[in-house]
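The next block is query.txt, given as compact mmCIF, C-alpha atoms.
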```
# COMPACT_ATOMS: atom_id res chain seq x y z
CA ALA A 1443 -97.95 -33.61 -54.53
CA SER A 1444 -94.27 -34.26 -54.24
CA GLU A 1445 -92.22 -33.51 -51.17
CA GLY A 1446 -88.63 -32.39 -50.78
CA ARG A 1447 -86.14 -35.04 -49.83
CA ALA A 1448 -83.67 -34.71 -46.99
CA PRO A 1449 -80.40 -36.61 -47.40
CA GLY A 1450 -80.88 -40.26 -46.58
CA ILE A 1451 -84.68 -40.00 -46.39
CA TRP A 1452 -86.90 -41.61 -48.99
CA ILE A 1453 -90.39 -40.21 -49.37
CA CYS A 1454 -92.76 -42.88 -50.65
CA ARG A 1455 -96.42 -42.49 -51.43
CA LEU A 1456 -98.84 -44.24 -49.15
CA GLY A 1457 -101.84 -45.72 -50.91
CA TRP A 1458 -105.01 -47.62 -50.28
CA ARG A 1459 -104.85 -51.24 -51.36
CA HIS A 1460 -106.28 -54.62 -50.42
CA SER A 1461 -104.18 -57.08 -48.43
CA THR A 1462 -103.87 -60.77 -49.19
CA PRO A 1463 -103.90 -63.23 -46.29
CA MET A 1464 -100.96 -65.60 -46.04
CA SER A 1465 -101.84 -69.16 -46.99
CA PRO A 1466 -100.53 -72.17 -45.03
CA GLY A 1467 -97.07 -73.20 -46.16
CA GLU A 1468 -96.51 -69.98 -48.11
CA LYS A 1469 -92.95 -68.73 -48.04
CA LEU A 1470 -92.14 -65.20 -46.96
CA ASP A 1471 -91.06 -62.83 -49.69
CA PRO A 1472 -87.31 -62.18 -49.74
CA LEU A 1473 -86.33 -58.80 -48.33
CA PRO A 1474 -84.16 -56.32 -50.23
CA ASP A 1475 -80.68 -56.15 -48.69
CA ILE A 1476 -81.22 -52.62 -47.40
CA PHE A 1477 -84.02 -53.82 -45.10
CA ILE A 1478 -82.15 -56.76 -43.61
CA LEU A 1479 -80.79 -56.69 -40.08
CA GLN A 1480 -78.36 -59.47 -39.26
CA PRO A 1481 -80.39 -62.26 -37.64
CA PRO A 1482 -80.00 -62.54 -33.87
CA VAL A 1483 -78.26 -65.56 -32.41
CA PHE A 1484 -79.87 -67.48 -29.55
CA HIS A 1485 -78.05 -69.67 -27.00
CA PRO A 1486 -74.76 -70.07 -28.87
CA VAL A 1487 -72.16 -72.45 -27.47
CA VAL A 1488 -69.14 -70.59 -26.11
CA PRO A 1489 -66.48 -70.19 -27.42
CA TYR A 1490 -68.42 -68.60 -30.26
CA VAL A 1491 -67.14 -66.75 -33.32
CA THR A 1492 -69.33 -65.18 -36.01
CA THR A 1493 -69.06 -62.78 -38.93
CA ILE A 1494 -70.52 -59.29 -38.50
CA PHE A 1495 -72.50 -58.66 -41.69
CA GLY A 1496 -71.09 -55.59 -43.41
CA GLY A 1497 -68.52 -55.10 -40.64
CA LEU A 1498 -68.68 -52.40 -38.01
CA ARG A 1499 -69.31 -48.72 -38.67
CA ALA A 1500 -70.15 -45.68 -36.59
CA GLY A 1501 -73.71 -45.94 -35.31
CA LYS A 1502 -73.90 -49.71 -35.30
CA MET A 1503 -74.75 -51.54 -32.07
CA VAL A 1504 -74.21 -55.04 -30.76
CA MET A 1505 -76.37 -56.33 -27.92
CA LEU A 1506 -75.35 -59.21 -25.66
CA GLN A 1507 -77.83 -60.81 -23.27
CA GLY A 1508 -76.96 -63.62 -20.89
CA MET A 1509 -75.86 -64.65 -17.41
CA VAL A 1510 -72.60 -64.87 -15.48
CA PRO A 1511 -72.13 -68.34 -13.90
CA GLU A 1512 -71.70 -68.53 -10.12
CA ASP A 1513 -68.12 -69.79 -10.48
CA ALA A 1514 -67.08 -67.49 -13.32
CA HIS A 1515 -63.48 -66.31 -13.43
CA ARG A 1516 -63.59 -64.17 -16.57
CA PHE A 1517 -65.01 -63.84 -20.05
CA GLN A 1518 -64.16 -61.74 -23.07
CA VAL A 1519 -65.91 -60.19 -26.05
CA ASP A 1520 -63.53 -59.52 -28.93
CA PHE A 1521 -64.23 -57.39 -32.00
CA GLN A 1522 -61.71 -58.90 -34.39
CA CYS A 1523 -60.16 -58.06 -37.75
CA GLY A 1524 -60.69 -61.49 -39.28
CA CYS A 1525 -61.14 -64.98 -37.85
CA SER A 1526 -57.94 -66.88 -38.65
CA LEU A 1527 -56.35 -69.10 -36.01
CA HIS A 1528 -52.76 -68.81 -37.25
CA PRO A 1529 -51.67 -66.10 -37.35
CA ARG A 1530 -53.93 -64.69 -34.66
CA PRO A 1531 -56.05 -61.84 -36.03
CA ASP A 1532 -55.76 -58.29 -34.75
CA ILE A 1533 -58.34 -57.49 -32.08
CA ALA A 1534 -59.51 -53.90 -32.34
CA ILE A 1535 -61.52 -54.07 -29.10
CA HIS A 1536 -61.03 -56.61 -26.31
CA PHE A 1537 -63.69 -56.35 -23.57
CA ASN A 1538 -62.70 -58.54 -20.61
CA PRO A 1539 -64.64 -58.63 -17.29
CA ARG A 1540 -62.69 -60.38 -14.52
CA PHE A 1541 -64.44 -61.75 -11.43
CA HIS A 1542 -61.76 -63.86 -9.71
CA THR A 1543 -59.78 -60.97 -8.21
CA THR A 1544 -60.45 -59.29 -4.85
CA LYS A 1545 -61.72 -56.26 -6.81
CA PRO A 1546 -63.63 -57.39 -9.92
CA HIS A 1547 -62.99 -55.11 -12.89
CA VAL A 1548 -63.03 -54.83 -16.68
CA ILE A 1549 -60.01 -54.66 -18.95
CA CYS A 1550 -60.17 -53.23 -22.46
CA ASN A 1551 -57.25 -53.52 -24.85
CA THR A 1552 -56.15 -53.86 -28.49
CA LEU A 1553 -54.05 -56.64 -30.02
CA GLN A 1554 -51.99 -55.68 -33.07
CA HIS A 1555 -49.45 -57.89 -34.85
CA GLY A 1556 -49.63 -60.38 -31.99
CA ARG A 1557 -48.83 -57.84 -29.27
CA TRP A 1558 -51.15 -56.38 -26.66
CA GLN A 1559 -51.07 -52.63 -26.14
CA ALA A 1560 -51.47 -50.79 -22.83
CA GLU A 1561 -54.45 -51.99 -20.78
CA ALA A 1562 -57.33 -49.72 -19.89
CA ARG A 1563 -58.97 -50.72 -16.61
CA TRP A 1564 -62.41 -49.95 -15.12
CA PRO A 1565 -63.15 -50.86 -11.49
CA HIS A 1566 -66.56 -51.16 -9.83
CA LEU A 1567 -67.78 -53.91 -12.17
CA THR A 1568 -71.57 -53.89 -12.31
CA LEU A 1569 -71.73 -57.45 -13.68
CA GLN A 1570 -72.17 -60.02 -10.90
CA ARG A 1571 -71.72 -63.75 -10.60
CA GLY A 1572 -75.02 -65.59 -10.81
CA ALA A 1573 -76.83 -62.58 -12.28
CA SER A 1574 -78.29 -61.98 -15.72
CA PHE A 1575 -77.22 -58.98 -17.79
CA LEU A 1576 -77.89 -56.92 -20.90
CA ILE A 1577 -74.78 -55.33 -22.42
CA LEU A 1578 -74.89 -52.90 -25.33
CA PHE A 1579 -71.83 -51.99 -27.37
CA LEU A 1580 -72.47 -48.69 -29.19
CA PHE A 1581 -69.89 -47.72 -31.82
CA GLY A 1582 -69.27 -44.03 -32.45
CA ASN A 1583 -66.91 -42.21 -34.77
CA GLU A 1584 -63.94 -42.29 -32.41
CA GLU A 1585 -64.87 -44.55 -29.51
CA MET A 1586 -67.03 -47.42 -28.31
CA LYS A 1587 -69.47 -46.87 -25.44
CA VAL A 1588 -70.69 -49.75 -23.29
CA SER A 1589 -73.78 -49.93 -21.10
CA VAL A 1590 -74.66 -52.65 -18.62
CA ASN A 1591 -78.33 -53.14 -17.74
CA GLY A 1592 -79.21 -49.73 -19.13
CA GLN A 1593 -76.48 -47.78 -17.32
CA HIS A 1594 -73.42 -46.30 -19.02
CA PHE A 1595 -70.30 -48.15 -17.88
CA LEU A 1596 -67.29 -47.23 -20.03
CA HIS A 1597 -65.97 -45.76 -23.26
CA TYR A 1598 -62.92 -46.94 -25.17
CA HIS A 1599 -61.14 -44.97 -27.90
CA TYR A 1600 -60.29 -46.88 -31.05
CA ARG A 1601 -56.66 -47.79 -31.61
CA LEU A 1602 -57.32 -49.58 -34.91
CA PRO A 1603 -59.75 -48.44 -37.64
CA LEU A 1604 -63.30 -49.57 -36.91
CA SER A 1605 -63.72 -50.41 -40.62
CA ARG A 1606 -61.33 -53.36 -40.20
CA VAL A 1607 -63.61 -55.16 -37.73
CA ASP A 1608 -65.66 -57.94 -39.30
CA THR A 1609 -65.78 -60.69 -36.65
CA LEU A 1610 -67.24 -61.10 -33.15
CA GLY A 1611 -65.71 -63.58 -30.75
CA ILE A 1612 -67.02 -64.56 -27.30
CA PHE A 1613 -64.91 -66.69 -24.95
CA GLY A 1614 -64.69 -67.72 -21.30
CA ASN A 1615 -67.15 -68.15 -18.44
CA ILE A 1616 -70.41 -66.80 -19.82
CA LEU A 1617 -73.86 -68.15 -20.68
CA VAL A 1618 -75.13 -66.27 -23.73
CA GLU A 1619 -78.87 -66.12 -24.31
CA ALA A 1620 -78.93 -63.77 -27.31
CA ILE A 1621 -76.73 -61.65 -29.54
CA GLY A 1622 -78.35 -58.84 -31.51
CA PHE A 1623 -77.02 -56.60 -34.27
CA LEU A 1624 -78.73 -53.22 -34.67
CA ASN A 1625 -78.36 -50.43 -37.20
CA ILE A 1626 -78.02 -46.67 -37.28
CA ASN A 1627 -80.53 -43.84 -36.96
CA PRO A 1628 -81.04 -42.57 -40.54
CA PHE A 1629 -82.40 -39.19 -39.46
CA ALA A 1630 -79.69 -37.71 -37.28
CA GLU A 1631 -76.10 -38.28 -36.27
CA GLY A 1632 -74.97 -38.46 -32.69
CA GLY A 1633 -77.05 -39.15 -29.63
CA ILE A 1634 -76.77 -41.90 -27.07
CA GLU A 1635 -79.33 -44.49 -26.13
CA TYR A 1636 -79.16 -47.63 -24.06
CA PRO A 1637 -81.80 -50.34 -23.85
CA ILE A 1638 -83.20 -50.91 -20.40
CA GLY A 1639 -85.95 -53.42 -21.09
CA TYR A 1640 -89.69 -52.72 -21.21
CA LYS A 1641 -92.73 -54.87 -20.61
CA VAL A 1642 -95.42 -54.95 -23.30
CA PRO A 1643 -97.85 -53.21 -23.43
CA CYS A 1644 -95.68 -50.21 -22.70
CA SER A 1645 -96.79 -46.62 -22.11
CA CYS A 1646 -94.41 -43.64 -22.11
CA ALA A 1647 -95.37 -40.08 -21.18
CA LEU A 1648 -94.68 -37.21 -23.59
CA PRO A 1649 -95.04 -34.23 -21.21
CA ARG A 1650 -94.10 -31.64 -23.85
CA GLY A 1651 -95.59 -33.34 -26.88
CA LEU A 1652 -93.50 -33.65 -30.03
CA TRP A 1653 -91.54 -30.90 -31.74
CA PRO A 1654 -89.62 -30.61 -35.04
CA GLY A 1655 -86.38 -32.57 -34.96
CA GLN A 1656 -87.41 -34.98 -32.22
CA VAL A 1657 -86.92 -38.67 -33.01
CA ILE A 1658 -88.75 -41.60 -31.44
CA VAL A 1659 -86.68 -44.79 -31.56
CA LEU A 1660 -88.04 -48.26 -30.86
CA ARG A 1661 -85.93 -51.42 -31.03
CA ALA A 1662 -87.53 -54.80 -30.41
CA LEU A 1663 -87.58 -58.51 -31.16
CA VAL A 1664 -90.57 -60.19 -32.80
CA LEU A 1665 -91.85 -63.14 -30.74
CA SER A 1666 -91.88 -66.66 -32.16
CA GLU A 1667 -95.66 -66.75 -32.83
CA PRO A 1668 -96.61 -63.12 -33.48
CA LYS A 1669 -100.07 -61.74 -34.10
CA ASP A 1670 -99.66 -57.98 -34.38
CA PHE A 1671 -97.65 -54.97 -33.29
CA THR A 1672 -99.00 -51.47 -32.65
CA LEU A 1673 -97.39 -48.10 -31.94
CA SER A 1674 -99.78 -45.27 -31.13
CA LEU A 1675 -99.60 -41.62 -30.05
CA SER A 1676 -102.48 -40.06 -28.13
CA ASP A 1677 -103.33 -36.65 -26.65
CA GLU A 1678 -104.71 -35.61 -23.24
CA ALA A 1679 -108.27 -36.25 -24.39
CA ALA A 1680 -107.31 -39.87 -25.29
CA HIS A 1681 -107.71 -39.16 -29.00
CA VAL A 1682 -105.31 -41.27 -31.06
CA PRO A 1683 -104.34 -39.33 -34.20
CA VAL A 1684 -101.34 -41.55 -34.98
CA THR A 1685 -101.35 -45.37 -35.06
CA LEU A 1686 -98.83 -47.59 -36.83
CA ARG A 1687 -99.81 -51.26 -36.99
CA ALA A 1688 -98.11 -54.37 -38.33
CA SER A 1689 -100.38 -57.35 -38.97
CA PHE A 1690 -98.63 -60.71 -39.14
CA ALA A 1691 -101.68 -62.53 -40.51
CA ASP A 1692 -101.60 -60.71 -43.85
CA ARG A 1693 -98.08 -59.23 -43.60
CA THR A 1694 -99.11 -55.61 -43.88
CA LEU A 1695 -97.88 -52.39 -42.29
CA ALA A 1696 -100.34 -49.52 -42.17
CA TRP A 1697 -101.26 -46.18 -40.65
CA ILE A 1698 -104.63 -46.42 -38.91
CA SER A 1699 -106.74 -43.27 -38.87
CA PRO A 1700 -108.66 -42.11 -35.75
CA TRP A 1701 -111.85 -43.38 -37.38
CA GLY A 1702 -110.38 -46.81 -38.16
CA CYS A 1703 -109.46 -46.51 -41.83
CA LYS A 1704 -106.28 -48.26 -42.94
CA LYS A 1705 -103.68 -46.73 -45.24
CA LEU A 1706 -101.15 -49.36 -46.25
CA ILE A 1707 -97.45 -48.54 -46.47
CA SER A 1708 -95.76 -49.78 -49.64
CA ALA A 1709 -92.70 -51.52 -48.21
CA PRO A 1710 -91.37 -55.04 -47.63
CA PHE A 1711 -92.77 -56.64 -44.50
CA ILE A 1712 -89.75 -56.84 -42.20
CA PHE A 1713 -91.34 -58.28 -39.07
CA TYR A 1714 -90.04 -61.84 -39.13
CA PRO A 1715 -90.47 -64.10 -36.06
CA GLN A 1716 -87.39 -64.06 -33.83
CA ARG A 1717 -85.86 -61.12 -35.70
CA PHE A 1718 -84.94 -57.68 -34.45
CA PHE A 1719 -86.41 -54.56 -35.98
CA GLU A 1720 -86.09 -50.80 -35.55
CA VAL A 1721 -88.84 -48.22 -35.93
CA LEU A 1722 -87.93 -44.52 -36.07
CA LEU A 1723 -90.35 -41.60 -36.26
CA LEU A 1724 -88.92 -38.17 -37.04
CA CYS A 1725 -91.11 -35.23 -36.09
CA GLN A 1726 -91.03 -32.38 -38.60
CA GLU A 1727 -93.25 -29.42 -39.41
CA GLY A 1728 -96.36 -30.91 -40.94
CA GLY A 1729 -96.07 -34.49 -39.74
CA LEU A 1730 -93.95 -37.53 -38.99
CA LYS A 1731 -91.43 -39.38 -41.15
CA LEU A 1732 -91.09 -43.14 -40.77
CA ALA A 1733 -88.02 -45.39 -41.11
CA LEU A 1734 -87.71 -49.14 -40.62
CA ASN A 1735 -84.36 -50.85 -40.17
CA GLY A 1736 -82.59 -47.68 -41.23
CA GLN A 1737 -84.60 -47.03 -44.42
CA GLY A 1738 -86.97 -44.08 -44.83
CA LEU A 1739 -90.51 -45.11 -45.81
CA GLY A 1740 -92.45 -41.90 -46.21
CA ALA A 1741 -94.42 -39.56 -43.99
CA ILE A 1742 -97.82 -38.99 -42.45
CA SER A 1743 -99.31 -35.49 -42.30
CA LEU A 1744 -100.21 -33.94 -38.95
CA HIS A 1745 -100.61 -30.32 -37.92
CA GLN A 1746 -97.96 -28.91 -35.59
CA GLN A 1747 -100.60 -28.11 -32.97
CA ALA A 1748 -101.69 -31.75 -32.93
CA LEU A 1749 -98.06 -32.87 -32.55
CA GLU A 1750 -97.53 -30.54 -29.61
CA GLN A 1751 -100.67 -31.87 -27.90
CA LEU A 1752 -99.54 -35.50 -27.96
CA ARG A 1753 -98.97 -36.80 -24.44
CA GLU A 1754 -98.54 -40.59 -24.60
CA LEU A 1755 -96.58 -43.13 -26.63
CA ARG A 1756 -98.00 -46.64 -26.36
CA ILE A 1757 -96.58 -49.90 -27.71
CA SER A 1758 -98.36 -53.24 -27.69
CA GLY A 1759 -98.32 -56.57 -29.47
CA SER A 1760 -96.16 -59.64 -30.03
CA VAL A 1761 -92.75 -58.10 -29.39
CA GLN A 1762 -90.05 -57.98 -26.75
CA LEU A 1763 -88.88 -54.40 -26.31
CA TYR A 1764 -85.22 -53.57 -25.82
CA CYS A 1765 -85.17 -49.82 -26.34
CA VAL A 1766 -87.62 -46.92 -26.35
CA HIS A 1767 -85.92 -43.56 -26.81
CA TYR A 1768 -87.51 -40.15 -27.42
```
Written as structure tokens, that's how I'd like the structure from this file.
Amino acid sequence: ASEGRAPGIWICRLGWRHSTPMSPGEKLDPLPDIFILQPPVFHPVVPYVTTIFGGLRAGKMVMLQGMVPEDAHRFQVDFQCGCSLHPRPDIAIHFNPRFHTTKPHVICNTLQHGRWQAEARWPHLTLQRGASFLILFLFGNEEMKVSVNGQHFLHYHYRLPLSRVDTLGIFGNILVEAIGFLNINPFAEGGIEYPIGYKVPCSCALPRGLWPGQVIVLRALVLSEPKDFTLSLSDEAAHVPVTLRASFADRTLAWISPWGCKKLISAPFIFYPQRFFEVLLLCQEGGLKLALNGQGLGAISLHQQALEQLRELRISGSVQLYCVHY
């Protein structure tokens, strides 16, 4: 039976099929462009400048993980309109923590036609010398929001069109461990989420169950030698009516029934080692819709009563979690 399609949601049929183990030396199948997240960057040498694939748009996120040296004076993260040296490109967003003053603070600004505009200043800097950090830049329709270690820190209204930004530049006194580029929620506009870091296995309580319109968001990095990844939803009686499992041995993604049967999902296998991925589950009347890396991949049927009785979200496997939002 066919299902109606909401805008931006693809409904694909899930079918039973046999999986083929991956042989030694076999190359991974190329992914369609729509499933590709820009690869993360690990331990880049600063100063560092890179292209942002597809540029910036509302809903996109950039994650920066690293450490502030003990003797740091300042560093800056620039979202630039190009990467030329002469003339200097416009900088739509200049994020500049400063540690060498008596009152450490952050400056945000915009450079246009070689001239800086009026500074915006935020005191009470939560970044500290000698400490590690996780910064998320979340780009909305009219402003950028920034969180530090899971806590909202500032917002900055755009002075140049976000669509012009295609380059990320990092300069100054900073040790960068990782840069991640994450996509948009395909199910709903708006909403705010900040990664706070979770240990795996991870268990999150769902005190009111799930209801139509609720979205579960998971953002994570696949480890270098992965084995599997599992997301499950269980009720108070410890029954597990919903299990989503990725197997790295045979490169399959499947729903696992409560009695152990596997129903494979017809989609490219996106879980590459050392790559970010996003899983989104949209609760609707009659079941859950699934999206990976911003692309809808069908639905699983579940009665509304069963959805309301769910009490626990559990994540396990060969991943490093950066965000769980529900």
Inset, instruction - With all atoms listed in the file counted, which protein, DNA or RNA residues have an atom no more than 12 Å from (-59.4, -49.5, -20.1) in the file frame? Please answer as a list in words. - result: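 Within 12 Å of (-59.4, -49.5, -20.1), the protein and nucleic acid residues are Ile1535, His1536, Phe1537, Asn1538, Pro1539, His1547, Val1548, Ile1549, Cys1550, Asn1551, Thr1552, Gln1559, Ala1560, Glu1561, Ala1562, Arg1563, Trp1564, Pro1565, Glu1585, Met1586, Lys1587, Val1588, Phe1595, Leu1596, His1597, Tyr1598, His1599, Tyr1600 and Arg1601 of chain A.
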Inset, instruction - Grab the CA of Phe1690 (chain A) to CA of Pro1668 (chain A) distance for me, in Å with one decimal place. - result: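 CA of Pro1668 (chain A) lies 6.5 Å from CA of Phe1690 (chain A).
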Inset, instruction - Just the residues within 10 Å of Pro1481 (chain A), please, counting all atoms listed in the file, with nothing from its chain fewer than 5 positions along; format it as a ChimeraX atom specification. - result: /A:1495,1621-1624,1714,1716-1719
Legend entry - Å distance separating CA of Gln1522 (chain A) from CA of Asp1608 (chain A), one decimal place: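 Those two atoms sit 6.4 Å apart.
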Legend entry - Nearest-residue call for Gly1651 (chain A), choices A:Leu1553, A:Asp1677, A:Cys1525, A:Val1483, using all atoms listed in the file: A:Asp1677
Legend entry - Which of A:Gly1611, A:Gly1556, A:Pro1531, A:Gly1582 sits closest to Leu1506 (chain A) [using only C-alpha atoms]: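 Result for the nearest residue to Leu1506 (chain A): A:Gly1611.
Interatomic distance, CA of Ser1743 (chain A) against CA of Cys1644 (chain A): 24.8 Å.
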Legend entry - Residue contacts of Pro1546 (chain A) (10 Å, all atoms listed in the file) excluding same-chain residues fewer than 2 positions away, as a PyMOL selection string: chain A and resi 1515-1516+1539-1544+1548+1564-1570
Could the residues in this selection be written to a file with C-alpha atoms, as a PDB file, in the frame of the given file?
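The result, written out as result27.pdb:
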```pdb
ATOM      1  CA  HIS A1515     -63.480 -66.310 -13.430  1.00  0.00           C
ATOM      2  CA  ARG A1516     -63.590 -64.170 -16.570  1.00  0.00           C
ATOM      3  CA  PRO A1539     -64.640 -58.630 -17.290  1.00  0.00           C
ATOM      4  CA  ARG A1540     -62.690 -60.380 -14.520  1.00  0.00           C
ATOM      5  CA  PHE A1541     -64.440 -61.750 -11.430  1.00  0.00           C
ATOM      6  CA  HIS A1542     -61.760 -63.860  -9.710  1.00  0.00           C
ATOM      7  CA  THR A1543     -59.780 -60.970  -8.210  1.00  0.00           C
ATOM      8  CA  THR A1544     -60.450 -59.290  -4.850  1.00  0.00           C
ATOM      9  CA  VAL A1548     -63.030 -54.830 -16.680  1.00  0.00           C
ATOM     10  CA  TRP A1564     -62.410 -49.950 -15.120  1.00  0.00           C
ATOM     11  CA  PRO A1565     -63.150 -50.860 -11.490  1.00  0.00           C
ATOM     12  CA  HIS A1566     -66.560 -51.160  -9.830  1.00  0.00           C
ATOM     13  CA  LEU A1567     -67.780 -53.910 -12.170  1.00  0.00           C
ATOM     14  CA  THR A1568     -71.570 -53.890 -12.310  1.00  0.00           C
ATOM     15  CA  LEU A1569     -71.730 -57.450 -13.680  1.00  0.00           C
ATOM     16  CA  GLN A1570     -72.170 -60.020 -10.900  1.00  0.00           C
TER      17      GLN A1570
END
```
Counting all atoms listed in the file, which residues of region 1526-1605 of chain A sit at most 12 Å from some atom of region 1751-1768 of chain A, and what is each one's closest atom pair with its distance in Å to one decimal, listed by chain and rising residue number, as JSON lines?
```
{"residue": "A:Leu1576", "atom": "CA", "partner": "A:Tyr1764", "partner_atom": "CA", "distance": 9.4}
{"residue": "A:Ile1577", "atom": "CA", "partner": "A:Tyr1764", "partner_atom": "CA", "distance": 11.1}
{"residue": "A:Leu1578", "atom": "CA", "partner": "A:Tyr1764", "partner_atom": "CA", "distance": 10.4}
{"residue": "A:Asn1591", "atom": "CA", "partner": "A:Tyr1764", "partner_atom": "CA", "distance": 10.6}
{"residue": "A:Gly1592", "atom": "CA", "partner": "A:Cys1765", "partner_atom": "CA", "distance": 9.4}
```
Legend entry - 12 Å contact set for Asp1670 (chain A), all atoms listed in the file, chain neighbours under 3 positions out, as a VMD selection string: chain A and resid 1664 to 1667 1673 1686 to 1696 1713 to 1715 1757 to 1761
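Using only C-alpha atoms, the contacts of Leu1652 (chain A) at a cut-off of 12 Å, with sequence neighbours closer than 5 positions omitted, comprise A:Ala1647, A:Val1657, A:Ile1658, A:Leu1675, A:Ser1676, A:Asp1677, A:Leu1723, A:Leu1724, A:Cys1725, A:Gln1726, A:Glu1727, A:Gly1728, A:Gly1729, A:Leu1730, A:Leu1744, A:His1745, A:Gln1746, A:Gln1747, A:Ala1748, A:Leu1749, A:Glu1750, A:Gln1751, A:Leu1752, A:Arg1753, A:Glu1754, A:Leu1755, A:Tyr1768.
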Legend entry - Best match for closeness to Glu1619 (chain A) among A:Met1505, A:Val1659, A:Ala1500, A:Val1519, counting all atoms listed in the file: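 The answer is A:Met1505, which sits nearest to Glu1619 (chain A).
If you measure from each of A:Asn1615, A:Ala1733, A:Ala1620, A:His1528 to Ile1712 (chain A) using all atoms listed in the file, the closest one turns out to be A:Ala1733.
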